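**Q** Below is the file target_8.tsv, which contains TSV, C-alpha atoms and all ligand atoms.
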```tsv
chain	number	residue	atom	x	y	z
M	1	MET	CA	128.85	167.65	-98.07
M	2	SER	CA	128.12	165.14	-100.83
M	3	ARG	CA	126.10	165.29	-104.00
M	4	VAL	CA	123.37	162.73	-103.34
M	5	LEU	CA	120.98	161.39	-105.97
M	6	VAL	CA	117.72	160.07	-104.48
M	7	VAL	CA	116.05	157.85	-107.06
M	8	GLY	CA	112.36	157.64	-106.23
M	9	GLY	CA	112.77	160.76	-104.10
M	10	THR	CA	109.17	161.82	-104.80
M	11	GLY	CA	107.80	158.68	-103.08
M	12	LEU	CA	106.93	158.12	-99.43
M	13	ALA	CA	110.35	157.02	-98.17
M	14	GLY	CA	112.24	159.01	-100.83
M	15	ARG	CA	110.68	162.32	-99.74
M	16	ALA	CA	111.78	161.71	-96.16
M	17	VAL	CA	115.32	160.82	-97.31
M	18	THR	CA	115.44	163.93	-99.50
M	19	ALA	CA	114.29	166.17	-96.63
M	20	GLU	CA	116.79	164.59	-94.21
M	21	ALA	CA	119.73	164.92	-96.66
M	22	VAL	CA	118.85	168.55	-97.51
M	23	GLU	CA	118.54	169.31	-93.78
M	24	ARG	CA	122.05	167.90	-93.21
M	25	GLY	CA	123.48	170.19	-95.90
M	26	HIS	CA	123.95	167.79	-98.82
M	27	ASP	CA	123.50	168.81	-102.43
M	28	VAL	CA	120.46	166.67	-103.24
M	29	VAL	CA	119.14	165.72	-106.67
M	30	VAL	CA	115.87	163.78	-106.92
M	31	ALA	CA	115.13	161.55	-109.91
M	32	ALA	CA	111.70	160.16	-110.82
M	33	ARG	CA	109.61	159.89	-113.95
M	34	ARG	CA	107.56	162.93	-112.96
M	35	VAL	CA	108.88	166.14	-111.43
M	36	PRO	CA	106.48	167.44	-108.75
M	37	ASP	CA	105.07	170.97	-108.73
M	38	ASP	CA	106.90	173.15	-106.24
M	39	ASP	CA	103.70	173.62	-104.22
M	40	SER	CA	102.96	169.88	-103.95
M	41	ASP	CA	103.71	167.82	-100.83
M	42	GLN	CA	106.12	165.72	-102.91
M	43	TYR	CA	108.41	168.73	-103.32
M	44	VAL	CA	111.25	169.36	-100.86
M	45	THR	CA	112.60	172.90	-100.94
M	46	GLY	CA	116.34	172.90	-101.48
M	47	ALA	CA	116.45	169.75	-103.65
M	48	THR	CA	116.90	169.76	-107.44
M	49	TYR	CA	114.48	167.63	-109.50
M	50	VAL	CA	115.25	165.77	-112.72
M	51	THR	CA	113.25	163.29	-114.77
M	52	ALA	CA	114.72	159.83	-115.28
M	53	ASP	CA	113.28	156.39	-115.90
M	54	ILE	CA	115.42	153.64	-114.40
M	55	VAL	CA	113.70	150.96	-116.51
M	56	THR	CA	114.24	152.54	-119.94
M	57	GLY	CA	117.43	154.32	-118.85
M	58	ASP	CA	116.15	157.69	-120.11
M	59	GLY	CA	117.77	160.58	-118.23
M	60	LEU	CA	120.00	158.37	-116.07
M	61	GLU	CA	123.35	159.65	-117.33
M	62	GLU	CA	122.33	163.27	-116.77
M	63	ALA	CA	121.00	162.41	-113.30
M	64	LEU	CA	124.17	160.55	-112.23
M	65	ASP	CA	126.73	163.01	-113.61
M	66	GLY	CA	128.81	164.38	-110.70
M	67	VAL	CA	126.97	162.31	-108.05
M	68	ASP	CA	128.92	161.00	-105.03
M	69	VAL	CA	126.26	158.77	-103.49
M	70	LEU	CA	123.23	157.15	-105.10
M	71	VAL	CA	120.27	156.32	-102.84
M	72	ASP	CA	117.65	154.06	-104.41
M	73	THR	CA	114.17	154.39	-102.88
M	74	SER	CA	112.28	153.47	-106.05
M	75	ASN	CA	109.25	151.23	-105.95
M	76	GLY	CA	107.23	149.24	-108.45
M	77	VAL	CA	103.70	148.01	-108.02
M	78	GLY	CA	102.03	144.88	-109.39
M	79	LYS	CA	103.55	143.52	-112.56
M	80	GLN	CA	105.87	146.55	-112.77
M	81	ALA	CA	107.75	145.53	-109.64
M	82	ALA	CA	110.06	142.99	-111.27
M	83	ASN	CA	110.99	145.47	-114.00
M	84	VAL	CA	111.60	148.42	-111.71
M	85	PHE	CA	113.61	146.37	-109.22
M	86	ALA	CA	115.68	144.08	-111.46
M	87	THR	CA	116.08	146.05	-114.70
M	88	GLY	CA	116.08	149.39	-112.88
M	89	ALA	CA	118.79	148.28	-110.48
M	90	GLN	CA	120.99	146.93	-113.26
M	91	ASN	CA	120.68	150.17	-115.24
M	92	LEU	CA	121.44	152.25	-112.17
M	93	VAL	CA	124.40	150.16	-111.01
M	94	HIS	CA	126.09	150.07	-114.41
M	95	THR	CA	125.55	153.76	-115.17
M	96	ALA	CA	126.64	154.77	-111.66
M	97	ALA	CA	129.85	152.71	-112.00
M	98	ARG	CA	130.63	154.39	-115.35
M	99	PHE	CA	130.16	157.82	-113.81
M	100	GLY	CA	132.42	157.11	-110.82
M	101	VAL	CA	129.69	157.20	-108.16
M	102	ARG	CA	131.41	156.49	-104.84
M	103	ARG	CA	128.65	154.56	-103.08
M	104	ALA	CA	125.14	153.21	-103.54
M	105	VAL	CA	122.60	152.85	-100.73
M	106	LEU	CA	119.55	150.69	-101.46
M	107	LEU	CA	116.35	150.68	-99.42
M	108	SER	CA	115.08	147.11	-99.13
M	109	ILE	CA	112.78	145.10	-96.86
M	110	VAL	CA	113.49	142.83	-93.92
M	111	GLY	CA	112.93	139.25	-95.12
M	112	ALA	CA	113.32	140.10	-98.83
M	113	ASP	CA	115.83	137.27	-99.13
M	114	GLN	CA	113.63	134.75	-97.28
M	115	SER	CA	110.28	134.70	-99.05
M	116	ALA	CA	108.71	133.24	-102.17
M	117	TYR	CA	106.30	136.21	-102.35
M	118	ALA	CA	106.72	137.71	-105.86
M	119	TYR	CA	107.35	141.28	-104.65
M	120	TYR	CA	110.01	140.07	-102.20
M	121	ARG	CA	111.62	137.93	-104.90
M	122	ALA	CA	111.84	141.06	-107.05
M	123	LYS	CA	113.43	142.94	-104.13
M	124	ALA	CA	115.93	140.09	-103.72
M	125	ALA	CA	116.84	140.39	-107.42
M	126	GLN	CA	117.29	144.13	-106.91
M	127	GLU	CA	119.60	143.46	-103.94
M	128	ARG	CA	121.68	141.01	-106.00
M	129	ALA	CA	122.11	143.59	-108.79
M	130	TYR	CA	123.46	146.05	-106.22
M	131	LEU	CA	125.84	143.52	-104.70
M	132	GLU	CA	127.82	143.30	-107.93
M	133	PRO	CA	131.40	144.35	-107.31
M	134	ALA	CA	131.01	147.41	-109.57
M	135	LEU	CA	129.88	149.59	-106.68
M	136	ASP	CA	130.45	150.06	-102.96
M	137	THR	CA	126.90	149.19	-101.92
M	138	ARG	CA	125.06	149.26	-98.60
M	139	ILE	CA	121.63	147.67	-98.41
M	140	VAL	CA	119.32	148.92	-95.68
M	141	ARG	CA	116.51	146.44	-95.02
M	142	ALA	CA	113.68	148.11	-93.10
M	143	THR	CA	110.56	146.65	-91.50
M	144	GLN	CA	107.04	147.72	-92.55
M	145	PHE	CA	106.39	151.47	-92.45
M	146	HIS	CA	103.67	152.79	-90.11
M	147	ASP	CA	101.82	153.99	-93.24
M	148	PHE	CA	101.91	150.50	-94.78
M	149	VAL	CA	100.55	148.74	-91.70
M	150	THR	CA	97.79	151.36	-91.49
M	151	ALA	CA	96.95	150.78	-95.16
M	152	ILE	CA	96.52	147.03	-94.47
M	153	PHE	CA	94.02	147.76	-91.68
M	154	ASP	CA	92.18	150.25	-93.89
M	155	ARG	CA	91.66	147.73	-96.69
M	156	GLY	CA	88.69	146.61	-94.62
M	157	ARG	CA	86.99	150.00	-94.97
M	158	PRO	CA	84.47	148.87	-97.64
M	159	LEU	CA	83.36	146.17	-95.17
M	160	GLY	CA	83.13	148.65	-92.31
M	161	ALA	CA	86.10	146.82	-90.76
M	162	LEU	CA	89.77	147.03	-89.90
M	163	LEU	CA	91.52	143.97	-91.35
M	164	SER	CA	93.89	142.30	-88.90
M	165	PRO	CA	96.06	139.43	-90.22
M	166	THR	CA	95.98	136.58	-87.68
M	167	GLY	CA	99.15	135.12	-86.19
M	168	THR	CA	101.06	138.14	-87.49
M	169	ARG	CA	103.30	140.59	-85.70
M	170	PHE	CA	104.76	143.79	-87.08
M	171	GLN	CA	107.62	146.03	-85.99
M	172	PRO	CA	106.44	149.17	-87.77
M	173	ILE	CA	108.79	152.08	-88.31
M	174	ALA	CA	108.36	155.75	-89.17
M	175	VAL	CA	109.77	156.71	-92.57
M	176	SER	CA	111.50	159.62	-90.83
M	177	ASP	CA	113.50	157.04	-88.80
M	178	VAL	CA	114.26	155.03	-91.96
M	179	ALA	CA	115.46	158.25	-93.62
M	180	ARG	CA	117.75	159.06	-90.69
M	181	VAL	CA	119.39	155.63	-90.95
M	182	LEU	CA	119.78	155.88	-94.75
M	183	VAL	CA	121.45	159.30	-94.54
M	184	ASP	CA	123.71	158.04	-91.71
M	185	VAL	CA	124.80	155.31	-94.15
M	186	VAL	CA	125.33	157.91	-96.91
M	187	GLU	CA	127.69	159.75	-94.55
M	188	ASP	CA	129.39	156.75	-92.93
M	189	GLU	CA	133.11	156.78	-93.66
M	190	SER	CA	134.15	154.21	-91.05
M	191	GLY	CA	136.35	151.32	-92.18
M	192	GLU	CA	134.51	148.35	-93.62
M	193	PRO	CA	130.91	148.40	-92.41
M	194	ASP	CA	128.35	145.66	-93.01
M	195	ARG	CA	126.98	145.68	-96.53
M	196	VAL	CA	123.52	144.66	-95.32
M	197	ILE	CA	122.06	146.67	-92.45
M	198	HIS	CA	118.76	145.86	-90.73
M	199	VAL	CA	116.51	148.40	-89.11
M	200	GLY	CA	113.16	147.96	-87.39
M	201	GLY	CA	110.68	150.06	-85.48
M	202	PRO	CA	110.97	150.44	-81.69
M	203	ARG	CA	108.54	147.62	-80.79
M	204	VAL	CA	107.24	144.28	-82.05
M	205	GLU	CA	103.45	144.13	-81.60
M	206	SER	CA	100.65	141.88	-82.77
M	207	ALA	CA	98.62	143.06	-85.75
M	208	ARG	CA	95.57	142.98	-83.46
M	209	SER	CA	97.15	145.33	-80.91
M	210	LEU	CA	98.23	147.74	-83.66
M	211	ALA	CA	94.75	147.65	-85.23
M	212	GLU	CA	93.25	148.47	-81.81
M	213	GLN	CA	95.60	151.46	-81.50
M	214	HIS	CA	94.56	152.64	-84.96
M	215	LYS	CA	90.88	152.22	-84.08
M	216	ARG	CA	91.30	154.23	-80.85
M	217	ALA	CA	93.40	157.01	-82.40
M	218	SER	CA	91.05	157.49	-85.35
M	219	GLY	CA	87.89	157.22	-83.25
M	220	SER	CA	86.71	154.65	-85.78
M	221	ARG	CA	83.54	152.64	-85.18
M	222	ARG	CA	84.73	149.92	-87.54
M	223	PHE	CA	85.12	146.43	-86.03
M	224	ILE	CA	88.41	144.52	-86.16
M	225	LEU	CA	88.10	141.64	-88.61
M	226	PRO	CA	90.70	138.86	-88.20
M	227	ILE	CA	91.78	137.45	-91.57
M	228	ARG	CA	94.16	134.67	-92.41
M	229	LEU	CA	96.49	136.03	-95.04
M	230	GLY	CA	97.15	133.35	-97.65
M	231	GLY	CA	100.10	132.76	-99.93
M	232	ALA	CA	103.79	133.31	-99.48
M	233	LEU	CA	103.43	136.75	-97.88
M	234	GLY	CA	101.12	135.40	-95.17
M	235	SER	CA	103.49	132.56	-94.30
M	236	THR	CA	106.53	134.87	-94.35
M	237	TRP	CA	104.90	137.22	-91.88
M	238	ARG	CA	103.48	134.46	-89.64
M	239	ALA	CA	107.00	132.97	-89.45
M	240	GLY	CA	108.22	136.35	-88.15
M	241	ARG	CA	110.59	136.89	-91.06
M	242	ASN	CA	109.50	140.54	-91.12
M	243	LEU	CA	110.95	141.22	-87.65
M	244	VAL	CA	114.35	142.31	-86.39
M	245	PRO	CA	113.88	143.01	-82.66
M	246	GLU	CA	117.66	143.09	-82.20
M	247	HIS	CA	117.82	146.07	-84.59
M	248	ALA	CA	115.03	148.19	-83.11
M	249	VAL	CA	115.52	151.95	-83.53
M	250	ASP	CA	115.02	154.34	-80.66
M	251	GLY	CA	112.41	156.16	-82.70
M	252	VAL	CA	108.75	156.97	-83.24
M	253	GLY	CA	106.42	154.15	-82.17
M	254	TYR	CA	103.13	153.41	-83.89
M	255	GLY	CA	100.96	154.94	-81.16
M	256	THR	CA	102.96	158.16	-81.11
M	257	TRP	CA	102.89	158.33	-84.89
M	258	LEU	CA	99.11	157.91	-84.93
M	259	GLU	CA	98.59	160.54	-82.23
M	260	SER	CA	100.77	163.07	-84.01
M	261	GLY	CA	98.72	162.59	-87.18
M	262	ALA	CA	102.12	162.19	-88.88
M	263	ARG	CA	102.37	160.96	-92.39
M	264	ALA	CA	106.16	160.94	-92.40
M	301	LIG	N1	106.14	150.05	-97.58
M	301	LIG	C1	106.90	149.51	-96.63
M	301	LIG	O1	106.43	149.22	-95.52
M	301	LIG	C2	108.37	149.26	-96.94
M	301	LIG	C3	109.18	148.72	-95.93
M	301	LIG	C4	110.55	148.52	-96.20
M	301	LIG	C5	111.06	148.87	-97.43
M	301	LIG	N2	110.26	149.39	-98.39
M	301	LIG	C6	110.83	149.75	-99.68
M	301	LIG	O2	110.91	151.16	-99.75
M	301	LIG	C7	110.98	151.55	-101.13
M	301	LIG	C8	110.16	152.81	-101.34
M	301	LIG	O3	108.80	152.52	-101.06
M	301	LIG	P1	107.74	153.72	-101.04
M	301	LIG	O4	106.46	153.16	-100.54
M	301	LIG	O5	108.34	154.93	-100.39
M	301	LIG	O6	107.60	153.99	-102.61
M	301	LIG	P2	106.55	154.92	-103.38
M	301	LIG	O7	105.91	155.89	-102.45
M	301	LIG	O8	105.67	154.05	-104.20
M	301	LIG	O9	107.51	155.76	-104.37
M	301	LIG	C9	108.13	155.15	-105.44
M	301	LIG	C10	109.08	156.12	-106.12
M	301	LIG	O10	109.73	155.44	-107.20
M	301	LIG	C11	109.62	156.23	-108.37
M	301	LIG	N3	109.65	155.36	-109.54
M	301	LIG	C12	108.81	154.34	-109.84
M	301	LIG	N4	109.14	153.79	-111.03
M	301	LIG	C13	110.23	154.49	-111.49
M	301	LIG	C14	111.02	154.41	-112.67
M	301	LIG	N5	110.78	153.50	-113.62
M	301	LIG	N6	112.05	155.28	-112.80
M	301	LIG	C15	112.29	156.21	-111.86
M	301	LIG	N7	111.58	156.33	-110.71
M	301	LIG	C16	110.55	155.49	-110.54
M	301	LIG	C17	108.28	156.98	-108.20
M	301	LIG	O11	108.19	158.16	-108.99
M	301	LIG	P3	107.51	158.15	-110.48
M	301	LIG	O12	106.31	157.26	-110.40
M	301	LIG	O13	107.21	159.59	-110.76
M	301	LIG	O14	108.57	157.61	-111.38
M	301	LIG	C18	108.39	157.34	-106.72
M	301	LIG	O15	109.22	158.46	-106.54
M	301	LIG	C19	110.50	150.33	-101.95
M	301	LIG	O16	111.59	149.78	-102.65
M	301	LIG	C20	110.00	149.35	-100.90
M	301	LIG	O17	110.25	148.02	-101.25
M	301	LIG	C21	108.92	149.61	-98.17
```
How does this structure look as structure tokens?

**A**
Amino acid sequence: MSRVLVVGGTGLAGRAVTAEAVERGHDVVVAARRVPDDDSDQYVTGATYVTADIVTGDGLEEALDGVDVLVDTSNGVGKQAANVFATGAQNLVHTAARFGVRRAVLLSIVGADQSAYAYYRAKAAQERAYLEPALDTRIVRATQFHDFVTAIFDRGRPLGALLSPTGTRFQPIAVSDVARVLVDVVEDESGEPDRVIHVGGPRVESARSLAEQHKRASGSRRFILPIRLGGALGSTWRAGRNLVPEHAVDGVGYGTWLESGARA
């Protein structure tokens, strides 16, 4: 059993990691800027919650004291992303090294190192901060979550549509499968494993096919609206830099996830 700190453990992926690590018997501490109420769906019974801000550094020393493995599942949106990823990672890495943390596991995105999209560039800066020699780091780059792909389709809701990016394929993955891989990495004591690990959902499918599955499963009457996604994100996805078919998990596919009504 290890003491595991899940930074961002109140978020979508972080909650799944927290639940998986608690389930496997680890002593789990969750750090975020807000501690959830114990009756909220952000709260995982068996975990301990502390407040910490990785950008300002407030609460980090207390959170990292006695920790064996740090798992970073934090996220930043909009203009905050660069701060959370670059400054946050530097603060975490340096404080963790001072407190003798044995290993750090970072959740990143497939293609983060191959895109000019601002969010991906911020993720790449976060990865670089973790690859400093101060810590034994493993980076897990995952493909798009089922929830994320669904959110793209649903951005068309005000138009009565499901938005489907043209020329784009996804390999969506359940956050429960991402969590399983991250906790495997937390526990991995074998020799000298790869520092960067890729993981993708069970199947690569066109955005159109996934949107059709969403439409069927939700019984939606919305029409599927093809859109050409501009900018660096659109070209990254159309080039297939979001796919890792050779690293597909034997896990929950998009259709199964939709049918189960899962949000995990
Ligand atoms: N979405 C995808 O398809 C996808 C695919 C692959 C990888 N990823 C990566 O997965 C990671 C997690 O994404 P997610 O969607 O699960 O995130 P999320 O739901 O937005 O959760 C973000 C978490 O970070 C915490 N956080 C934000 N700013 C913080 C700060 N300054 N200090 C401490 N904690 C802070 C939040 O809590 P507070 O706000 O209370 O602080 C929350 O717990 C991201 O790094 C993302 O790049 C996402």

**Q** Once 3 Å is added on each side, what centre and edge lengths in Å to one decimal does the axis-aligned box around all listed atoms of ligand LIG 301 (chain M) have, as JSON?

**A**
```
{"center_x": 109.0, "center_y": 153.8, "center_z": -104.6, "size_x": 12.6, "size_y": 17.6, "size_z": 24.1}
```

**Q** How far is it from atom CA of Gly76 of chain M to atom CA of Tyr43 of chain M, in Å with one decimal?

**A**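 Going from atom CA of Gly76 of chain M over to atom CA of Tyr43 of chain M covers 20.2 Å.
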
**Q** Within 6 Å of ligand LIG 301 (chain M), counting all atoms listed in the file: which residues, as a PDB file with C-alpha atoms, in the coordinates of the input?

**A**
```
ATOM      1  CA  VAL M   7     116.050 157.850-107.060  1.00  0.00           C
ATOM      2  CA  GLY M   8     112.360 157.640-106.230  1.00  0.00           C
ATOM      3  CA  GLY M   9     112.770 160.760-104.100  1.00  0.00           C
ATOM      4  CA  THR M  10     109.170 161.820-104.800  1.00  0.00           C
ATOM      5  CA  GLY M  11     107.800 158.680-103.080  1.00  0.00           C
ATOM      6  CA  LEU M  12     106.930 158.120 -99.430  1.00  0.00           C
ATOM      7  CA  ALA M  13     110.350 157.020 -98.170  1.00  0.00           C
ATOM      8  CA  GLY M  14     112.240 159.010-100.830  1.00  0.00           C
ATOM      9  CA  ALA M  32     111.700 160.160-110.820  1.00  0.00           C
ATOM     10  CA  ARG M  33     109.610 159.890-113.950  1.00  0.00           C
ATOM     11  CA  ARG M  34     107.560 162.930-112.960  1.00  0.00           C
ATOM     12  CA  ALA M  52     114.720 159.830-115.280  1.00  0.00           C
ATOM     13  CA  ASP M  53     113.280 156.390-115.900  1.00  0.00           C
ATOM     14  CA  ILE M  54     115.420 153.640-114.400  1.00  0.00           C
ATOM     15  CA  VAL M  55     113.700 150.960-116.510  1.00  0.00           C
ATOM     16  CA  THR M  73     114.170 154.390-102.880  1.00  0.00           C
ATOM     17  CA  SER M  74     112.280 153.470-106.050  1.00  0.00           C
ATOM     18  CA  ASN M  75     109.250 151.230-105.950  1.00  0.00           C
ATOM     19  CA  GLY M  76     107.230 149.240-108.450  1.00  0.00           C
ATOM     20  CA  VAL M  84     111.600 148.420-111.710  1.00  0.00           C
ATOM     21  CA  LEU M 107     116.350 150.680 -99.420  1.00  0.00           C
ATOM     22  CA  SER M 108     115.080 147.110 -99.130  1.00  0.00           C
ATOM     23  CA  ILE M 109     112.780 145.100 -96.860  1.00  0.00           C
ATOM     24  CA  ALA M 142     113.680 148.110 -93.100  1.00  0.00           C
ATOM     25  CA  THR M 143     110.560 146.650 -91.500  1.00  0.00           C
ATOM     26  CA  GLN M 144     107.040 147.720 -92.550  1.00  0.00           C
ATOM     27  CA  PHE M 145     106.390 151.470 -92.450  1.00  0.00           C
ATOM     28  CA  PHE M 148     101.910 150.500 -94.780  1.00  0.00           C
TER      29      PHE M 148
END
```

**Q** Find the distance between atom CA of Val29 of chain M and atom CA of Ala63 of chain M and write it in Å to one decimal.

**A**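 Result for atom CA of Val29 of chain M versus atom CA of Ala63 of chain M: 7.6 Å, one decimal.
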
**Q** Taking all atoms listed in the file into account, produce a table as CSV in which each residue of segment 138-213 of chain M with an atom at most 10 Å from an atom of segment 218-234 of chain M appears once, together with its shortest atom pair and the distance in Å to one decimal, ordered by chain and rising number.

**A**
```
residue,atom,partner,partner_atom,distance
M:Phe153,CA,M:Ile224,CA,8.5
M:Asp154,CA,M:Arg222,CA,9.8
M:Gly156,CA,M:Leu225,CA,7.8
M:Arg157,CA,M:Arg222,CA,7.8
M:Leu159,CA,M:Arg222,CA,8.6
M:Gly160,CA,M:Arg222,CA,5.2
M:Ala161,CA,M:Arg222,CA,4.7
M:Leu162,CA,M:Ile224,CA,4.7
M:Leu163,CA,M:Leu225,CA,5.0
M:Ser164,CA,M:Pro226,CA,4.7
M:Pro165,CA,M:Ile227,CA,4.9
M:Thr166,CA,M:Arg228,CA,5.4
M:Gly167,CA,M:Arg228,CA,8.0
M:Thr168,CA,M:Gly234,CA,8.2
M:Ala207,CA,M:Pro226,CA,9.3
M:Arg208,CA,M:Ile224,CA,7.8
M:Ala211,CA,M:Ile224,CA,7.1
M:Glu212,CA,M:Ile224,CA,7.6
M:Gln213,CA,M:Ser218,CA,8.5
```

**Q** Have a look at atom CA of Lys123 of chain M and atom CA of Val71 of chain M and let me know their distance in Å, one decimal.

**A** 15.1 Å

**Q** Any idea what's packed within 6 Å of Arg103 of chain M, counting all atoms listed in the file, ignoring anything in its chain fewer than 2 positions away? Could you give it as a list in words?

**A**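 My list of contacting residues is Val69, Val101, Asp136 and Thr137 of chain M.
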
**Q** Show me as a PyMOL selection string the residues that reach within 9 Å of (113.5, 167.9, -102.2), counting only C-alpha atoms and using the file's own coordinates.

**A** chain M and resi 9-10+15-19+21-22+28-30+42-49

**Q** Can you spit out the residues from that selection as a PDB file, keeping the file's coordinate frame, using C-alpha atoms?

**A**
```
ATOM      1  CA  GLY M   9     112.770 160.760-104.100  1.00  0.00           C
ATOM      2  CA  THR M  10     109.170 161.820-104.800  1.00  0.00           C
ATOM      3  CA  ARG M  15     110.680 162.320 -99.740  1.00  0.00           C
ATOM      4  CA  ALA M  16     111.780 161.710 -96.160  1.00  0.00           C
ATOM      5  CA  VAL M  17     115.320 160.820 -97.310  1.00  0.00           C
ATOM      6  CA  THR M  18     115.440 163.930 -99.500  1.00  0.00           C
ATOM      7  CA  ALA M  19     114.290 166.170 -96.630  1.00  0.00           C
ATOM      8  CA  ALA M  21     119.730 164.920 -96.660  1.00  0.00           C
ATOM      9  CA  VAL M  22     118.850 168.550 -97.510  1.00  0.00           C
ATOM     10  CA  VAL M  28     120.460 166.670-103.240  1.00  0.00           C
ATOM     11  CA  VAL M  29     119.140 165.720-106.670  1.00  0.00           C
ATOM     12  CA  VAL M  30     115.870 163.780-106.920  1.00  0.00           C
ATOM     13  CA  GLN M  42     106.120 165.720-102.910  1.00  0.00           C
ATOM     14  CA  TYR M  43     108.410 168.730-103.320  1.00  0.00           C
ATOM     15  CA  VAL M  44     111.250 169.360-100.860  1.00  0.00           C
ATOM     16  CA  THR M  45     112.600 172.900-100.940  1.00  0.00           C
ATOM     17  CA  GLY M  46     116.340 172.900-101.480  1.00  0.00           C
ATOM     18  CA  ALA M  47     116.450 169.750-103.650  1.00  0.00           C
ATOM     19  CA  THR M  48     116.900 169.760-107.440  1.00  0.00           C
ATOM     20  CA  TYR M  49     114.480 167.630-109.500  1.00  0.00           C
TER      21      TYR M  49
END
```

**Q** Please output segment 227-246 of chain M, rebuilt to include N, CA and C atoms, as a short mmCIF file (atom, residue, chain, number, x, y, z; two decimals), keeping the file's coordinate frame.

**A**
```cif
data_model
loop_
_atom_site.label_atom_id
_atom_site.label_comp_id
_atom_site.auth_asym_id
_atom_site.auth_seq_id
_atom_site.Cartn_x
_atom_site.Cartn_y
_atom_site.Cartn_z
N ILE M 227 91.73 138.17 -90.30
CA ILE M 227 91.78 137.45 -91.57
C ILE M 227 93.06 136.62 -91.62
N ARG M 228 92.94 135.47 -92.23
CA ARG M 228 94.16 134.67 -92.41
C ARG M 228 94.71 135.01 -93.78
N LEU M 229 95.87 135.62 -93.79
CA LEU M 229 96.49 136.03 -95.04
C LEU M 229 97.09 134.80 -95.72
N GLY M 230 96.65 134.54 -96.96
CA GLY M 230 97.15 133.35 -97.65
C GLY M 230 98.46 133.62 -98.36
N GLY M 231 98.94 132.61 -99.05
CA GLY M 231 100.10 132.76 -99.93
C GLY M 231 101.42 132.94 -99.20
N ALA M 232 102.43 133.25 -100.01
CA ALA M 232 103.79 133.31 -99.48
C ALA M 232 103.99 134.49 -98.53
N LEU M 233 103.26 135.59 -98.77
CA LEU M 233 103.43 136.75 -97.88
C LEU M 233 102.89 136.41 -96.49
N GLY M 234 101.71 135.78 -96.46
CA GLY M 234 101.12 135.40 -95.17
C GLY M 234 102.05 134.50 -94.38
N SER M 235 102.63 133.49 -95.05
CA SER M 235 103.49 132.56 -94.30
C SER M 235 104.80 133.23 -93.89
N THR M 236 105.29 134.14 -94.72
CA THR M 236 106.53 134.87 -94.35
C THR M 236 106.30 135.68 -93.08
N TRP M 237 105.18 136.38 -93.05
CA TRP M 237 104.90 137.22 -91.88
C TRP M 237 104.61 136.37 -90.64
N ARG M 238 103.80 135.28 -90.81
CA ARG M 238 103.48 134.46 -89.64
C ARG M 238 104.74 133.80 -89.07
N ALA M 239 105.73 133.57 -89.92
CA ALA M 239 107.00 132.97 -89.45
C ALA M 239 107.89 134.03 -88.79
N GLY M 240 107.45 135.28 -88.81
CA GLY M 240 108.22 136.35 -88.15
C GLY M 240 109.42 136.81 -88.95
N ARG M 241 109.42 136.49 -90.26
CA ARG M 241 110.59 136.89 -91.06
C ARG M 241 110.58 138.38 -91.41
N ASN M 242 109.58 139.10 -90.91
CA ASN M 242 109.50 140.54 -91.12
C ASN M 242 109.99 141.30 -89.88
N LEU M 243 110.59 140.60 -88.93
CA LEU M 243 110.95 141.22 -87.65
C LEU M 243 112.45 141.19 -87.39
N VAL M 244 112.94 142.27 -86.80
CA VAL M 244 114.35 142.31 -86.39
C VAL M 244 114.45 143.00 -85.02
N PRO M 245 113.92 142.34 -83.97
CA PRO M 245 113.88 143.01 -82.66
C PRO M 245 115.27 143.45 -82.18
N GLU M 246 116.30 142.73 -82.62
CA GLU M 246 117.66 143.09 -82.20
C GLU M 246 118.18 144.35 -82.90
#
```
